[in-house]
$ cat upload04.tsv   # TSV, C-alpha atoms
chain	number	residue	atom	x	y	z
A	13	MET	CA	30.04	-22.70	38.44
A	14	SER	CA	28.23	-24.11	35.42
A	15	ARG	CA	28.12	-27.86	34.90
A	16	ARG	CA	30.81	-29.28	32.61
A	17	ARG	CA	29.28	-30.65	29.44
A	18	ASP	CA	30.36	-33.19	26.86
A	19	PRO	CA	31.27	-31.70	23.43
A	20	VAL	CA	28.21	-33.38	21.91
A	21	GLU	CA	25.90	-31.73	24.43
A	22	GLU	CA	27.55	-28.36	23.91
A	23	ARG	CA	26.84	-28.36	20.17
A	24	ALA	CA	23.50	-30.18	20.05
A	25	ASP	CA	20.20	-28.31	19.90
A	26	ASP	CA	17.39	-28.83	22.39
A	27	ALA	CA	15.49	-31.13	20.02
A	28	THR	CA	18.24	-33.77	19.95
A	29	ASP	CA	17.75	-36.72	22.30
A	30	LEU	CA	21.11	-37.21	24.05
A	31	TYR	CA	20.00	-39.83	26.58
A	32	ASP	CA	22.76	-42.43	27.09
A	33	VAL	CA	24.88	-40.50	24.56
A	34	ALA	CA	26.00	-37.43	26.45
A	35	THR	CA	23.30	-37.03	29.13
A	36	TRP	CA	21.40	-39.34	31.43
A	37	GLU	CA	18.24	-39.37	33.47
A	38	ARG	CA	15.99	-42.06	34.87
A	39	ARG	CA	13.84	-43.53	32.08
A	40	GLY	CA	13.62	-47.29	31.98
A	41	PRO	CA	13.35	-50.00	34.65
A	42	LEU	CA	17.12	-50.60	34.69
A	43	ASP	CA	17.72	-46.90	35.36
A	44	ALA	CA	15.32	-47.09	38.29
A	45	VAL	CA	17.06	-50.20	39.66
A	46	ALA	CA	20.48	-48.53	39.34
A	47	SER	CA	19.23	-45.43	41.14
A	48	GLY	CA	17.69	-47.52	43.89
A	49	ILE	CA	20.85	-49.54	44.43
A	50	TYR	CA	22.89	-46.35	44.64
A	51	ARG	CA	20.56	-44.78	47.22
A	52	VAL	CA	20.51	-47.94	49.31
A	53	SER	CA	24.32	-48.16	49.15
A	54	VAL	CA	24.75	-44.58	50.33
A	55	ALA	CA	22.20	-45.00	53.11
A	56	SER	CA	23.79	-48.31	54.17
A	57	ALA	CA	27.23	-46.73	54.34
A	58	ARG	CA	25.88	-43.98	56.56
A	59	LEU	CA	24.06	-46.45	58.80
A	60	PHE	CA	27.22	-48.55	59.03
A	61	VAL	CA	29.26	-45.56	60.19
A	62	VAL	CA	26.61	-44.61	62.74
A	63	GLY	CA	26.27	-48.21	63.93
A	64	VAL	CA	29.99	-48.67	64.47
A	65	ALA	CA	30.15	-45.35	66.31
A	66	LEU	CA	27.27	-46.40	68.56
A	67	LEU	CA	28.97	-49.70	69.39
A	68	ILE	CA	32.16	-47.85	70.30
A	69	LEU	CA	30.15	-45.46	72.47
A	70	VAL	CA	28.66	-48.36	74.40
A	71	ALA	CA	32.02	-50.14	74.68
A	72	ILE	CA	33.87	-47.17	76.20
A	73	GLY	CA	31.10	-46.34	78.66
A	74	GLY	CA	29.86	-43.21	76.96
A	75	LEU	CA	26.24	-43.90	77.89
A	76	SER	CA	26.90	-43.09	81.55
A	77	ALA	CA	25.42	-39.64	81.04
A	78	LEU	CA	22.10	-41.38	80.31
A	79	THR	CA	22.28	-44.33	82.67
A	80	ASP	CA	23.69	-42.52	85.72
A	81	PRO	CA	21.66	-39.45	86.77
A	82	GLN	CA	24.56	-37.88	88.69
A	83	ILE	CA	26.93	-38.17	85.74
A	84	GLY	CA	24.15	-36.83	83.55
A	85	VAL	CA	23.74	-33.74	85.73
A	86	LEU	CA	27.47	-33.02	85.72
A	87	THR	CA	27.64	-33.53	81.95
A	88	ALA	CA	24.70	-31.18	81.40
A	89	LEU	CA	26.31	-28.52	83.59
A	90	SER	CA	29.63	-28.88	81.77
A	91	ALA	CA	27.92	-28.36	78.39
A	92	ILE	CA	26.15	-25.09	79.26
A	93	PRO	CA	28.89	-22.67	78.03
A	94	ALA	CA	29.31	-24.60	74.77
A	95	LEU	CA	25.53	-24.67	74.31
A	96	ALA	CA	25.30	-20.91	74.85
A	97	LEU	CA	28.00	-20.28	72.25
A	98	THR	CA	26.30	-22.64	69.78
A	99	VAL	CA	22.98	-20.84	70.20
A	100	TYR	CA	24.73	-17.54	69.56
A	101	VAL	CA	26.28	-18.89	66.35
A	102	ARG	CA	22.89	-20.14	65.21
A	103	TYR	CA	21.17	-16.81	65.72
A	104	SER	CA	24.02	-14.88	64.11
A	105	ASP	CA	23.07	-16.55	60.81
A	106	VAL	CA	21.34	-13.87	58.72
A	107	THR	CA	19.76	-16.44	56.38
A	108	SER	CA	16.81	-18.68	57.21
A	109	ASN	CA	16.88	-20.51	60.56
A	110	GLU	CA	17.97	-24.13	60.44
A	111	PRO	CA	15.33	-26.74	61.35
A	112	LEU	CA	15.53	-27.87	64.96
A	113	SER	CA	15.23	-31.52	63.90
A	114	LEU	CA	18.31	-31.18	61.70
A	115	LEU	CA	20.25	-29.45	64.46
A	116	VAL	CA	19.38	-32.24	66.90
A	117	ALA	CA	20.40	-34.88	64.35
A	118	THR	CA	23.75	-33.13	63.82
A	119	PHE	CA	24.28	-32.91	67.58
A	120	LEU	CA	23.66	-36.65	67.97
A	121	LEU	CA	25.97	-37.43	65.06
A	122	GLY	CA	28.60	-35.26	66.74
A	123	VAL	CA	28.20	-37.39	69.87
A	124	LEU	CA	28.59	-40.59	67.86
A	125	THR	CA	31.45	-39.65	65.56
A	126	ALA	CA	33.44	-38.39	68.55
A	127	ASN	CA	33.99	-42.02	69.50
A	128	PHE	CA	36.17	-42.60	66.44
A	129	ALA	CA	38.48	-39.90	67.76
A	130	ALA	CA	38.50	-41.47	71.22
A	131	VAL	CA	39.68	-44.80	69.79
A	132	LEU	CA	42.26	-43.32	67.41
A	133	ASN	CA	43.69	-41.01	70.06
A	134	SER	CA	44.02	-43.87	72.53
A	135	TYR	CA	45.77	-46.21	70.12
A	136	THR	CA	48.22	-43.63	68.76
A	137	ARG	CA	49.15	-41.87	71.99
A	138	GLY	CA	51.81	-44.44	72.81
A	139	LEU	CA	53.66	-43.76	69.56
A	140	PHE	CA	54.66	-40.33	70.89
A	141	ALA	CA	55.15	-41.21	74.56
A	142	GLY	CA	58.92	-41.69	74.31
A	143	LEU	CA	59.54	-38.19	72.94
A	144	GLY	CA	58.59	-36.29	76.07
A	145	PHE	CA	57.16	-32.81	75.68
A	146	LEU	CA	57.97	-32.74	71.96
A	147	GLY	CA	56.05	-35.97	71.54
A	148	THR	CA	53.04	-34.48	73.30
A	149	VAL	CA	53.08	-31.45	71.00
A	150	LEU	CA	53.44	-33.65	67.93
A	151	PHE	CA	50.57	-35.82	69.18
A	152	PHE	CA	48.34	-32.75	69.42
A	153	PHE	CA	49.23	-31.45	65.95
A	154	LEU	CA	49.45	-34.73	64.04
A	155	VAL	CA	46.70	-36.78	65.70
A	156	VAL	CA	44.36	-35.02	68.13
A	157	GLY	CA	43.71	-31.88	66.12
A	158	PRO	CA	43.29	-33.46	62.66
A	159	VAL	CA	41.33	-36.48	63.89
A	160	GLU	CA	38.92	-34.62	66.15
A	161	GLU	CA	38.19	-31.88	63.62
A	162	THR	CA	37.68	-34.45	60.87
A	163	VAL	CA	35.16	-36.52	62.84
A	164	LYS	CA	33.23	-33.38	63.77
A	165	LEU	CA	33.06	-32.39	60.11
A	166	LEU	CA	31.97	-35.95	59.33
A	167	ALA	CA	28.98	-35.41	61.61
A	168	VAL	CA	27.87	-32.53	59.37
A	169	ARG	CA	28.71	-34.34	56.15
A	170	LEU	CA	26.74	-37.46	57.03
A	171	TYR	CA	23.36	-35.76	56.99
A	172	ALA	CA	22.91	-31.98	57.16
A	173	TYR	CA	25.26	-31.22	54.27
A	174	GLY	CA	23.11	-33.06	51.75
A	175	THR	CA	19.77	-31.53	52.75
A	176	ASP	CA	17.98	-28.59	51.18
A	177	SER	CA	18.22	-26.73	54.49
A	178	PHE	CA	21.98	-26.41	54.01
A	179	GLU	CA	21.44	-23.58	51.56
A	180	ALA	CA	24.13	-21.04	52.38
A	181	VAL	CA	27.84	-20.95	53.17
A	182	VAL	CA	27.19	-19.67	56.67
A	183	ASP	CA	24.98	-22.67	57.40
A	184	GLY	CA	28.19	-24.68	57.54
A	185	ALA	CA	29.32	-22.66	60.56
A	186	VAL	CA	26.00	-23.32	62.31
A	187	TYR	CA	26.06	-27.07	61.73
A	188	GLY	CA	29.77	-27.20	62.51
A	189	ALA	CA	29.13	-25.49	65.84
A	190	VAL	CA	26.35	-27.96	66.67
A	191	ALA	CA	28.62	-30.91	65.81
A	192	GLY	CA	31.25	-29.35	68.08
A	193	LEU	CA	28.66	-29.15	70.87
A	194	GLY	CA	27.88	-32.85	70.45
A	195	PHE	CA	31.58	-33.71	70.50
A	196	ALA	CA	32.20	-31.59	73.60
A	197	THR	CA	29.22	-33.10	75.42
A	198	ILE	CA	30.29	-36.73	75.02
A	199	GLU	CA	33.94	-35.85	75.67
A	200	ASN	CA	32.89	-34.15	78.90
A	201	ALA	CA	30.80	-37.17	79.88
A	202	LEU	CA	33.77	-39.50	79.37
A	203	TYR	CA	36.16	-37.29	81.35
A	204	ILE	CA	33.66	-36.91	84.19
A	205	THR	CA	32.90	-40.64	84.26
A	206	GLN	CA	36.61	-41.48	84.46
A	207	SER	CA	37.29	-38.87	87.15
A	208	VAL	CA	34.40	-39.44	89.52
A	209	ASP	CA	34.40	-42.32	92.01
A	210	VAL	CA	31.00	-43.91	91.54
A	211	ALA	CA	31.24	-46.28	94.50
A	212	PRO	CA	28.13	-46.48	96.71
A	213	ALA	CA	29.87	-44.51	99.46
A	214	THR	CA	30.00	-41.42	97.25
A	215	ALA	CA	26.58	-41.78	95.70
A	216	GLY	CA	24.14	-38.92	95.31
A	217	LEU	CA	25.37	-35.46	96.21
A	218	GLY	CA	28.81	-36.90	96.96
A	219	ILE	CA	29.32	-37.60	93.28
A	220	ILE	CA	28.23	-34.07	92.40
A	221	GLY	CA	30.74	-32.65	94.85
A	222	ALA	CA	33.53	-34.97	93.76
A	223	GLY	CA	32.99	-34.09	90.12
A	224	GLY	CA	32.75	-30.35	90.57
A	225	GLY	CA	36.35	-29.64	89.63
A	226	ILE	CA	36.44	-31.72	86.46
A	227	THR	CA	33.01	-30.38	85.50
A	228	ALA	CA	34.26	-26.80	85.77
A	229	ILE	CA	37.35	-27.61	83.70
A	230	ARG	CA	35.32	-29.35	80.99
A	231	ALA	CA	32.82	-26.48	80.97
A	232	LEU	CA	35.67	-24.10	80.15
A	233	ALA	CA	37.12	-26.42	77.49
A	234	GLY	CA	33.81	-27.07	75.71
A	235	PRO	CA	33.35	-23.75	73.85
A	236	GLY	CA	36.67	-24.29	72.10
A	237	HIS	CA	35.27	-27.32	70.29
A	238	VAL	CA	32.37	-25.20	69.06
A	239	ILE	CA	34.71	-22.52	67.72
A	240	TYR	CA	37.10	-24.96	66.00
A	241	SER	CA	34.40	-26.91	64.21
A	242	ALA	CA	32.46	-23.76	63.29
A	243	PHE	CA	35.56	-22.65	61.36
A	244	ALA	CA	35.80	-26.01	59.60
A	245	GLY	CA	32.05	-26.02	58.98
A	246	TYR	CA	32.14	-22.57	57.41
A	247	TYR	CA	34.67	-23.78	54.86
A	248	LEU	CA	32.62	-26.92	54.27
A	249	GLY	CA	29.76	-24.58	53.36
A	250	LEU	CA	32.07	-22.60	51.09
A	251	ALA	CA	33.13	-25.85	49.45
A	252	LYS	CA	29.54	-26.91	48.79
A	253	PHE	CA	28.94	-23.85	46.66
A	254	ASN	CA	32.34	-23.94	44.95
A	255	PRO	CA	32.51	-27.54	43.66
A	256	ARG	CA	35.50	-26.92	41.37
A	257	ASN	CA	37.71	-26.23	44.40
A	258	ARG	CA	35.78	-28.32	46.92
A	259	GLY	CA	38.73	-30.44	48.09
A	260	PRO	CA	41.23	-27.65	48.78
A	261	ILE	CA	38.54	-25.57	50.53
A	262	VAL	CA	37.62	-28.41	52.89
A	263	VAL	CA	41.31	-29.05	53.60
A	264	LYS	CA	41.84	-25.35	54.35
A	265	GLY	CA	39.00	-25.39	56.86
A	266	LEU	CA	40.37	-28.48	58.55
A	267	LEU	CA	43.87	-26.98	58.67
A	268	ILE	CA	42.57	-23.81	60.33
A	269	ALA	CA	40.51	-25.75	62.88
A	270	THR	CA	43.38	-28.17	63.53
A	271	LEU	CA	45.96	-25.44	64.09
A	272	ILE	CA	43.71	-23.52	66.51
A	273	HIS	CA	42.77	-26.71	68.34
A	274	ALA	CA	46.27	-28.18	68.59
A	275	THR	CA	47.84	-24.87	69.60
A	276	TYR	CA	45.35	-24.59	72.45
A	277	ASN	CA	46.12	-28.11	73.65
A	278	ALA	CA	49.87	-27.51	73.42
A	279	THR	CA	49.86	-24.17	75.25
A	280	VAL	CA	47.06	-24.32	77.81
A	281	GLY	CA	49.10	-25.98	80.54
A	282	ILE	CA	52.17	-23.75	80.24
A	283	ALA	CA	50.18	-20.55	79.72
A	284	SER	CA	47.88	-21.23	82.68
A	285	GLY	CA	50.92	-21.88	84.84
A	286	LEU	CA	52.55	-18.63	83.74
A	287	ILE	CA	49.35	-16.68	84.43
A	288	GLY	CA	49.09	-18.25	87.88
A	289	PHE	CA	52.76	-17.47	88.61
A	290	ALA	CA	52.44	-13.86	87.44
A	291	THR	CA	49.13	-13.11	89.16
A	292	GLY	CA	49.10	-15.45	92.13
A	293	LEU	CA	45.82	-16.96	90.95
A	294	PRO	CA	44.98	-20.59	91.81
A	295	GLN	CA	45.05	-23.17	89.03
A	296	LEU	CA	41.38	-23.06	87.99
A	297	PRO	CA	41.06	-19.23	87.81
A	298	ALA	CA	44.37	-19.04	85.89
A	299	PHE	CA	43.01	-21.66	83.49
A	300	LEU	CA	39.82	-19.62	83.11
A	301	VAL	CA	41.79	-16.48	82.26
A	302	TYR	CA	43.75	-18.25	79.54
A	303	VAL	CA	40.66	-19.90	78.04
A	304	LEU	CA	38.83	-16.57	77.94
A	305	ILE	CA	41.77	-14.92	76.18
A	306	TYR	CA	42.39	-17.76	73.71
A	307	ASP	CA	38.76	-18.50	72.86
A	308	GLY	CA	38.01	-14.80	72.83
A	309	ILE	CA	40.61	-14.12	70.15
A	310	PHE	CA	39.52	-16.90	67.81
A	311	GLY	CA	35.85	-16.48	68.63
A	312	LEU	CA	36.17	-12.84	67.55
A	313	ILE	CA	37.84	-13.89	64.28
A	314	LEU	CA	35.05	-16.39	63.65
A	315	PHE	CA	32.29	-13.89	64.32
A	316	ARG	CA	33.97	-11.28	62.14
A	317	LYS	CA	33.94	-13.85	59.33
A	318	ILE	CA	30.25	-14.55	59.91
A	319	ARG	CA	29.51	-10.83	60.16
A	320	ARG	CA	31.26	-10.19	56.86
A	321	TYR	CA	29.07	-12.83	55.24
A	322	ASN	CA	25.96	-11.31	56.83
A	323	GLN	CA	26.83	-7.80	55.70
A	324	THR	CA	27.46	-8.99	52.15
A	325	TYR	CA	24.19	-10.93	52.22
A	326	ARG	CA	22.24	-7.83	53.27
A	327	THR	CA	24.01	-5.65	50.71
A	328	VAL	CA	23.27	-7.90	47.74
A	329	HIS	CA	19.66	-8.37	48.82
A	330	GLU	CA	19.18	-4.63	49.27
A	331	ASP	CA	20.65	-4.05	45.80
A	332	GLU	CA	18.31	-6.67	44.34
A	333	ALA	CA	15.33	-5.09	46.07
A	334	ALA	CA	16.35	-1.65	44.79
A	335	GLU	CA	16.66	-2.94	41.20
A	336	GLU	CA	13.21	-4.55	41.41
A	337	SER	CA	11.80	-1.29	42.73
A	338	VAL	CA	13.29	0.66	39.80
A	339	VAL	CA	11.86	-1.80	37.28
A	340	GLU	CA	8.42	-1.61	38.87
A	341	SER	CA	8.57	2.19	38.86
A	342	GLU	CA	9.49	2.29	35.16
A	343	VAL	CA	6.65	-0.06	34.29
A	344	THR	CA	4.18	2.05	36.26
A	345	GLU	CA	5.47	5.28	34.69
A	346	PHE	CA	4.62	4.11	31.18
A	347	ASP	CA	1.29	2.57	32.04
A	348	PRO	CA	-1.58	4.26	30.16
$ encode --input "upload04.tsv" --output "structure tokens"
Amino acid sequence: MSRRRDPVEERADDATDLYDVATWERRGPLDAVASGIYRVSVASARLFVVGVALLILVAIGGLSALTDPQIGVLTALSAIPALALTVYVRYSDVTSNEPLSLLVATFLLGVLTANFAAVLNSYTRGLFAGLGFLGTVLFFFLVVGPVEETVKLLAVRLYAYGTDSFEAVVDGAVYGAVAGLGFATIENALYITQSVDVAPATAGLGIIGAGGGITAIRALAGPGHVIYSAFAGYYLGLAKFNPRNRGPIVVKGLLIATLIHATYNATVGIASGLIGFATGLPQLPAFLVYVLIYDGIFGLILFRKIRRYNQTYRTVHEDEAAEESVVESEVTEFDP
């Protein structure tokens, strides 16, 4: 989309100086000061958000994965499936590979912004407690889904989105997946920390054994976060390159991610129970079956979307290469 221009700029010729009339660029000292203040303000806002998130992380005990080796091992094990899916998303990107430093930064921001969701979820849960099962479903659709998908998208928006490396729509899916991995990792760490008895009597291998069940459950839940935020990230990428409709596109991505996320939360318990009843499987295997079916369906939709982008990318680049080849051939043909 071309930049909107003032009527003066539209009619003026290139020789007319329109600075401070209809156009603007840095010229004088005051312009430089204004630009500097703006950059500092934006950077300060980002640092403030990160700082508050870090304080929340410390307050709720989210650093246990670093300070307690046993919790760290369980957290690392629980993140392996989500990490594998994230790596697959990254390498399915047909455009240039994203810098590792930027991926790590997005992961860390995903860890930090997740804490906003932890606080908001905790404080709003009680509002739905009196409504029973309906309240739980409403909580998933009105709070958990929207809040968690928004903070994961915030992790991408804070840094990666504004860099030159975010140069294609599909990059949004990659960074969204990485933010989802960060979110899943810290969420797993918090669940494991809360579920494992860390008393001295259960130290060492005892903690590993005690946390095996919750680790397995979180390992199965983790890839979902990658899929949800990859959807939202893809539409964030689409929004970046369609500024006229940026708002509605971002909202569409968040709605898709929220609906998939909240539907999973609302159905996983009932569906796992039905699978266990129908097949005789224990709770954990029945849960695994449902997760594989659910994540498999939406993972396939996501990868078909990425594949469509990749195919279109290859097609337009092949057409461009063919046109250049024709032009070169014509020039050579008429050379003396």
$ closest_residue --input "upload04.tsv" --among "A:Asn322, A:Gln295, A:Thr279, A:Thr227" --to "Gln82 in chain A" --atoms "only C-alpha atoms"
A:Thr227
$ atom_distance --input "upload04.tsv" --atom1 "CA of Tyr321 in chain A" --atom2 "CA of Arg102 in chain A"
13.8 Å
$ residues_around --input "upload04.tsv" --residues "range 252-264 of chain A" --least-positions-apart "4" --cutoff "12 Å" --atoms "all atoms listed in the file" --output "count of residues only"
33
$ atom_distance --input "upload04.tsv" --atom1 "CA of Ile198 in chain A" --atom2 "CA of Tyr171 in chain A"
19.3 Å
$ closest_residue --input "upload04.tsv" --among "A:Asn200, A:Leu193, A:Phe140, A:Leu232" --to "Phe153 in chain A" --atoms "only C-alpha atoms"
A:Phe140
$ residues_around --input "upload04.tsv" --residues "Phe315 in chain A" --least-positions-apart "4" --cutoff "9 Å" --atoms "all atoms listed in the file" --output "number ranges by chain"
A: 101, 104, 310-311, 319-320
$ residues_around --input "upload04.tsv" --residues "Pro93 in chain A" --least-positions-apart "4" --cutoff "10 Å" --atoms "only C-alpha atoms" --output "compact mmCIF listing (two decimals) with C-alpha atoms, keeping the file's coordinate frame"
# COMPACT_ATOMS: atom_id res chain seq x y z
CA LEU A 89 26.31 -28.52 83.59
CA LEU A 97 28.00 -20.28 72.25
CA THR A 98 26.30 -22.64 69.78
CA VAL A 99 22.98 -20.84 70.20
CA LEU A 193 28.66 -29.15 70.87
CA ARG A 230 35.32 -29.35 80.99
CA ALA A 231 32.82 -26.48 80.97
CA LEU A 232 35.67 -24.10 80.15
CA ALA A 233 37.12 -26.42 77.49
CA GLY A 234 33.81 -27.07 75.71
CA PRO A 235 33.35 -23.75 73.85
CA GLY A 236 36.67 -24.29 72.10
CA VAL A 238 32.37 -25.20 69.06
$ residues_around --input "upload04.tsv" --residues "range 56-64 of chain A" --least-positions-apart "6" --cutoff "10 Å" --atoms "all atoms listed in the file" --output "PyMOL selection string"
chain A and resi 50+120-121+124-125+127-128+167+170-171
$ write_last_selection --input "upload04.tsv" --atoms "C-alpha atoms" --output "PDB file, in the coordinates of the input"
ATOM      1  CA  TYR A  50      22.890 -46.350  44.640  1.00  0.00           C
ATOM      2  CA  LEU A 120      23.660 -36.650  67.970  1.00  0.00           C
ATOM      3  CA  LEU A 121      25.970 -37.430  65.060  1.00  0.00           C
ATOM      4  CA  LEU A 124      28.590 -40.590  67.860  1.00  0.00           C
ATOM      5  CA  THR A 125      31.450 -39.650  65.560  1.00  0.00           C
ATOM      6  CA  ASN A 127      33.990 -42.020  69.500  1.00  0.00           C
ATOM      7  CA  PHE A 128      36.170 -42.600  66.440  1.00  0.00           C
ATOM      8  CA  ALA A 167      28.980 -35.410  61.610  1.00  0.00           C
ATOM      9  CA  LEU A 170      26.740 -37.460  57.030  1.00  0.00           C
ATOM     10  CA  TYR A 171      23.360 -35.760  56.990  1.00  0.00           C
TER      11      TYR A 171
END
$ closest_residue --input "upload04.tsv" --among "A:Leu42, A:Leu66, A:Ile313, A:Ala278" --to "Phe145 in chain A" --atoms "all atoms listed in the file"
A:Ala278
$ closest_residue --input "upload04.tsv" --among "A:Tyr240, A:Thr79, A:Ala228, A:Ile272" --to "Phe299 in chain A" --atoms "all atoms listed in the file"
A:Ala228
$ atom_distance --input "upload04.tsv" --atom1 "CA of Glu21 in chain A" --atom2 "CA of Thr35 in chain A"
7.5 Å
$ closest_residue --input "upload04.tsv" --among "A:Leu150, A:Val33, A:Ala130, A:Leu250" --to "Asn277 in chain A" --atoms "only C-alpha atoms"
A:Leu150
$ residues_around --input "upload04.tsv" --residues "Phe152 in chain A" --least-positions-apart "3" --cutoff "8 Å" --atoms "only C-alpha atoms" --output "list of chain:residue names"
A:Thr148, A:Val149, A:Val155, A:Val156, A:Gly157, A:Ala274, A:Thr275, A:Asn277, A:Ala278
$ write_last_selection --input "upload04.tsv" --atoms "C-alpha atoms" --output "CSV table (one decimal), in the frame of the given file"
chain,number,residue,atom,x,y,z
A,148,THR,CA,53.0,-34.5,73.3
A,149,VAL,CA,53.1,-31.4,71.0
A,155,VAL,CA,46.7,-36.8,65.7
A,156,VAL,CA,44.4,-35.0,68.1
A,157,GLY,CA,43.7,-31.9,66.1
A,274,ALA,CA,46.3,-28.2,68.6
A,275,THR,CA,47.8,-24.9,69.6
A,277,ASN,CA,46.1,-28.1,73.6
A,278,ALA,CA,49.9,-27.5,73.4
$ closest_residue --input "upload04.tsv" --among "A:Asp26, A:Ser90, A:Leu112, A:Val106" --to "Thr327 in chain A" --atoms "all atoms listed in the file"
A:Val106
$ build_atoms --input "upload04.tsv" --residues "range 302-314 of chain A" --atoms "N, CA, C and O atoms" --output "PDB file, keeping the file's coordinate frame"
ATOM      1  N   TYR A 302      43.155 -17.895  80.831  1.00  0.00           N
ATOM      2  CA  TYR A 302      43.750 -18.250  79.540  1.00  0.00           C
ATOM      3  C   TYR A 302      42.689 -18.660  78.522  1.00  0.00           C
ATOM      4  O   TYR A 302      42.758 -18.266  77.355  1.00  0.00           O
ATOM      5  N   VAL A 303      41.721 -19.459  78.953  1.00  0.00           N
ATOM      6  CA  VAL A 303      40.660 -19.900  78.040  1.00  0.00           C
ATOM      7  C   VAL A 303      39.886 -18.701  77.505  1.00  0.00           C
ATOM      8  O   VAL A 303      39.574 -18.633  76.306  1.00  0.00           O
ATOM      9  N   LEU A 304      39.575 -17.758  78.378  1.00  0.00           N
ATOM     10  CA  LEU A 304      38.830 -16.570  77.940  1.00  0.00           C
ATOM     11  C   LEU A 304      39.635 -15.775  76.910  1.00  0.00           C
ATOM     12  O   LEU A 304      39.080 -15.282  75.926  1.00  0.00           O
ATOM     13  N   ILE A 305      40.936 -15.658  77.130  1.00  0.00           N
ATOM     14  CA  ILE A 305      41.770 -14.920  76.180  1.00  0.00           C
ATOM     15  C   ILE A 305      41.867 -15.673  74.858  1.00  0.00           C
ATOM     16  O   ILE A 305      41.643 -15.100  73.785  1.00  0.00           O
ATOM     17  N   TYR A 306      42.172 -16.958  74.935  1.00  0.00           N
ATOM     18  CA  TYR A 306      42.390 -17.760  73.710  1.00  0.00           C
ATOM     19  C   TYR A 306      41.097 -17.883  72.917  1.00  0.00           C
ATOM     20  O   TYR A 306      41.054 -17.581  71.710  1.00  0.00           O
ATOM     21  N   ASP A 307      40.037 -18.347  73.562  1.00  0.00           N
ATOM     22  CA  ASP A 307      38.760 -18.500  72.860  1.00  0.00           C
ATOM     23  C   ASP A 307      38.207 -17.158  72.420  1.00  0.00           C
ATOM     24  O   ASP A 307      37.542 -17.058  71.383  1.00  0.00           O
ATOM     25  N   GLY A 308      38.490 -16.131  73.202  1.00  0.00           N
ATOM     26  CA  GLY A 308      38.010 -14.800  72.830  1.00  0.00           C
ATOM     27  C   GLY A 308      38.626 -14.313  71.534  1.00  0.00           C
ATOM     28  O   GLY A 308      37.938 -13.750  70.670  1.00  0.00           O
ATOM     29  N   ILE A 309      39.925 -14.554  71.374  1.00  0.00           N
ATOM     30  CA  ILE A 309      40.610 -14.120  70.150  1.00  0.00           C
ATOM     31  C   ILE A 309      40.039 -14.825  68.928  1.00  0.00           C
ATOM     32  O   ILE A 309      39.635 -14.196  67.944  1.00  0.00           O
ATOM     33  N   PHE A 310      39.968 -16.153  68.989  1.00  0.00           N
ATOM     34  CA  PHE A 310      39.520 -16.900  67.810  1.00  0.00           C
ATOM     35  C   PHE A 310      38.007 -16.860  67.643  1.00  0.00           C
ATOM     36  O   PHE A 310      37.501 -16.958  66.520  1.00  0.00           O
ATOM     37  N   GLY A 311      37.294 -16.691  68.747  1.00  0.00           N
ATOM     38  CA  GLY A 311      35.850 -16.480  68.630  1.00  0.00           C
ATOM     39  C   GLY A 311      35.561 -15.168  67.917  1.00  0.00           C
ATOM     40  O   GLY A 311      34.644 -15.084  67.082  1.00  0.00           O
ATOM     41  N   LEU A 312      36.349 -14.131  68.214  1.00  0.00           N
ATOM     42  CA  LEU A 312      36.170 -12.840  67.550  1.00  0.00           C
ATOM     43  C   LEU A 312      36.465 -12.961  66.053  1.00  0.00           C
ATOM     44  O   LEU A 312      35.730 -12.411  65.217  1.00  0.00           O
ATOM     45  N   ILE A 313      37.525 -13.688  65.698  1.00  0.00           N
ATOM     46  CA  ILE A 313      37.840 -13.890  64.280  1.00  0.00           C
ATOM     47  C   ILE A 313      36.699 -14.616  63.576  1.00  0.00           C
ATOM     48  O   ILE A 313      36.298 -14.251  62.457  1.00  0.00           O
ATOM     49  N   LEU A 314      36.164 -15.644  64.230  1.00  0.00           N
ATOM     50  CA  LEU A 314      35.050 -16.390  63.650  1.00  0.00           C
ATOM     51  C   LEU A 314      33.838 -15.495  63.436  1.00  0.00           C
ATOM     52  O   LEU A 314      33.225 -15.503  62.356  1.00  0.00           O
TER      53      LEU A 314
END
